[in-house]
Amino acid sequence: MQRFIPLGNGYSDIYELMYIGRAMPERIQHMLVLHPFDEHNPEASLALVMKPTNPGNFQPIYICLEGVPIPSKRFDLWKELADELQHDPVELTVSPSSKFSDQEIFFQHLIGILRTNHYLPRLQRSF
């Protein structure tokens with residue numbers, strides 16, 4: 001199961017996201033920068049896609065949602081973390097969350113985009 005775990009909007013909670021990355025660097029699969037396709041809200045989302053757990057096959061995606069201006073000091077910190085952890089941030093342009101009636105629907109939309117672009121595996125269901 002893949003699930004987004006929102007931490008906030010990228011203000012002080014970006015430091016929690018960075019702490020998670022530093023605490024578990026071996027679990028990071030991708031570092032994401034999600035740019036909203038919205039000229040009225042140019043602030044990006046930052047996310048860590050973690051490798052699935054074993055056992056359990058749970059794949060968390062920790063996210064700071066649409067609150068990080070680019071350019072900004074917070075975005076520079078994210079790039080520095082990517083360099084430190086030897087990851088190239090994946091940058092994608094996506095629909096803004098305001099286009100969706102519910103945050104969970106938005107997250108399912110993002111999971112579909114990440115699967116389509118092969119950044120998330122299609123998990124097999126066990127029956």
# chains A, B, ... in the order shown; residues from 1 in each chain; ligands from 1

call {"tool": "select_by_dssp", "arguments": {"residues": "range 69-123 of chain A", "states": "alpha helix (DSSP H)", "output": "list in words"}}
result
Lys73, Arg74, Phe75, Asp76, Leu77, Trp78, Lys79, Glu80, Leu81, Ala82, Asp83, Glu84, Gln103, Glu104, Ile105, Phe106, Phe107, Gln108, His109, Leu110, Ile111, Gly112, Ile113, Leu114, Arg115 and Thr116 of chain A

call {"tool": "residues_around", "arguments": {"residues": "range 88-96 of chain A", "least_positions_apart": "5", "cutoff": "8 Å", "atoms": "only C-alpha atoms", "output": "PyMOL selection string"}}
result
chain A and resi 30-38+79+82-83+110

call {"tool": "write_last_selection", "arguments": {"atoms": "C-alpha atoms", "output": "compact mmCIF listing (two decimals), in the first residue's frame"}}
result
# COMPACT_ATOMS: atom_id res chain seq x y z
CA HIS A 30 13.02 9.33 -4.48
CA MET A 31 13.07 12.96 -3.44
CA LEU A 32 10.29 14.90 -5.17
CA VAL A 33 9.62 18.51 -6.08
CA LEU A 34 6.01 18.84 -7.26
CA HIS A 35 5.33 22.12 -9.02
CA PRO A 36 1.64 23.05 -9.18
CA PHE A 37 0.39 23.92 -12.65
CA ASP A 38 -1.17 27.12 -11.30
CA LYS A 79 18.66 20.73 -2.83
CA ALA A 82 19.58 15.89 -2.01
CA ASP A 83 23.30 16.45 -2.63
CA LEU A 110 -0.42 12.00 -7.47

call {"tool": "atom_distance", "arguments": {"atom1": "CA of Ile20 in chain A", "atom2": "CA of Phe100 in chain A"}}
result
27.8 Å

call {"tool": "residues_around", "arguments": {"residues": "range 55-63 of chain A", "least_positions_apart": "6", "cutoff": "9 Å", "atoms": "only C-alpha atoms", "output": "PyMOL selection string"}}
result
chain A and resi 1-10+14+17+20+32+45-49+123

call {"tool": "write_last_selection", "arguments": {"atoms": "C-alpha atoms", "output": "short mmCIF file (atom, residue, chain, number, x, y, z; two decimals), in the first residue's frame"}}
result
data_model
loop_
_atom_site.label_atom_id
_atom_site.label_comp_id
_atom_site.auth_asym_id
_atom_site.auth_seq_id
_atom_site.Cartn_x
_atom_site.Cartn_y
_atom_site.Cartn_z
CA MET A 1 0.00 0.00 0.00
CA GLN A 2 1.30 3.43 -0.96
CA ARG A 3 0.11 6.38 1.09
CA PHE A 4 0.92 10.06 1.42
CA ILE A 5 1.65 11.26 4.94
CA PRO A 6 1.23 15.05 5.02
CA LEU A 7 3.49 16.90 7.44
CA GLY A 8 2.21 20.41 6.74
CA ASN A 9 2.75 23.15 4.19
CA GLY A 10 6.52 23.36 4.15
CA ILE A 14 10.26 21.02 6.14
CA LEU A 17 10.90 16.12 6.41
CA ILE A 20 13.23 11.88 8.28
CA LEU A 32 10.29 14.90 -5.17
CA SER A 45 5.39 20.49 -2.63
CA LEU A 46 8.41 18.55 -1.39
CA ALA A 47 8.19 14.84 -0.73
CA LEU A 48 10.20 11.77 0.22
CA VAL A 49 9.17 8.50 -1.39
CA LEU A 123 1.84 -3.03 -6.05
#

call {"tool": "select_by_dssp", "arguments": {"residues": "chain A", "states": "strand (DSSP E)", "output": "ChimeraX atom specification"}}
result
/A:2-8,28-36,44-50,59-68,90-94

call {"tool": "closest_residue", "arguments": {"among": "A:Leu85, A:Ile113, A:Ile105, A:Ile70", "to": "Arg27 in chain A", "atoms": "only C-alpha atoms"}}
result
A:Leu85

call {"tool": "closest_residue", "arguments": {"among": "A:Gln29, A:His109, A:Pro42, A:Leu114", "to": "Val68 in chain A", "atoms": "only C-alpha atoms"}}
result
A:Pro42

call {"tool": "atom_distance", "arguments": {"atom1": "CA of Leu77 in chain A", "atom2": "CA of Pro121 in chain A"}}
result
28.1 Å

call {"tool": "closest_residue", "arguments": {"among": "A:Lys73, A:Gly67, A:Glu26, A:Met18", "to": "Thr53 in chain A", "atoms": "only C-alpha atoms"}}
result
A:Glu26

call {"tool": "atom_distance", "arguments": {"atom1": "CA of Asp102 in chain A", "atom2": "CA of Tyr119 in chain A"}}
result
23.3 Å
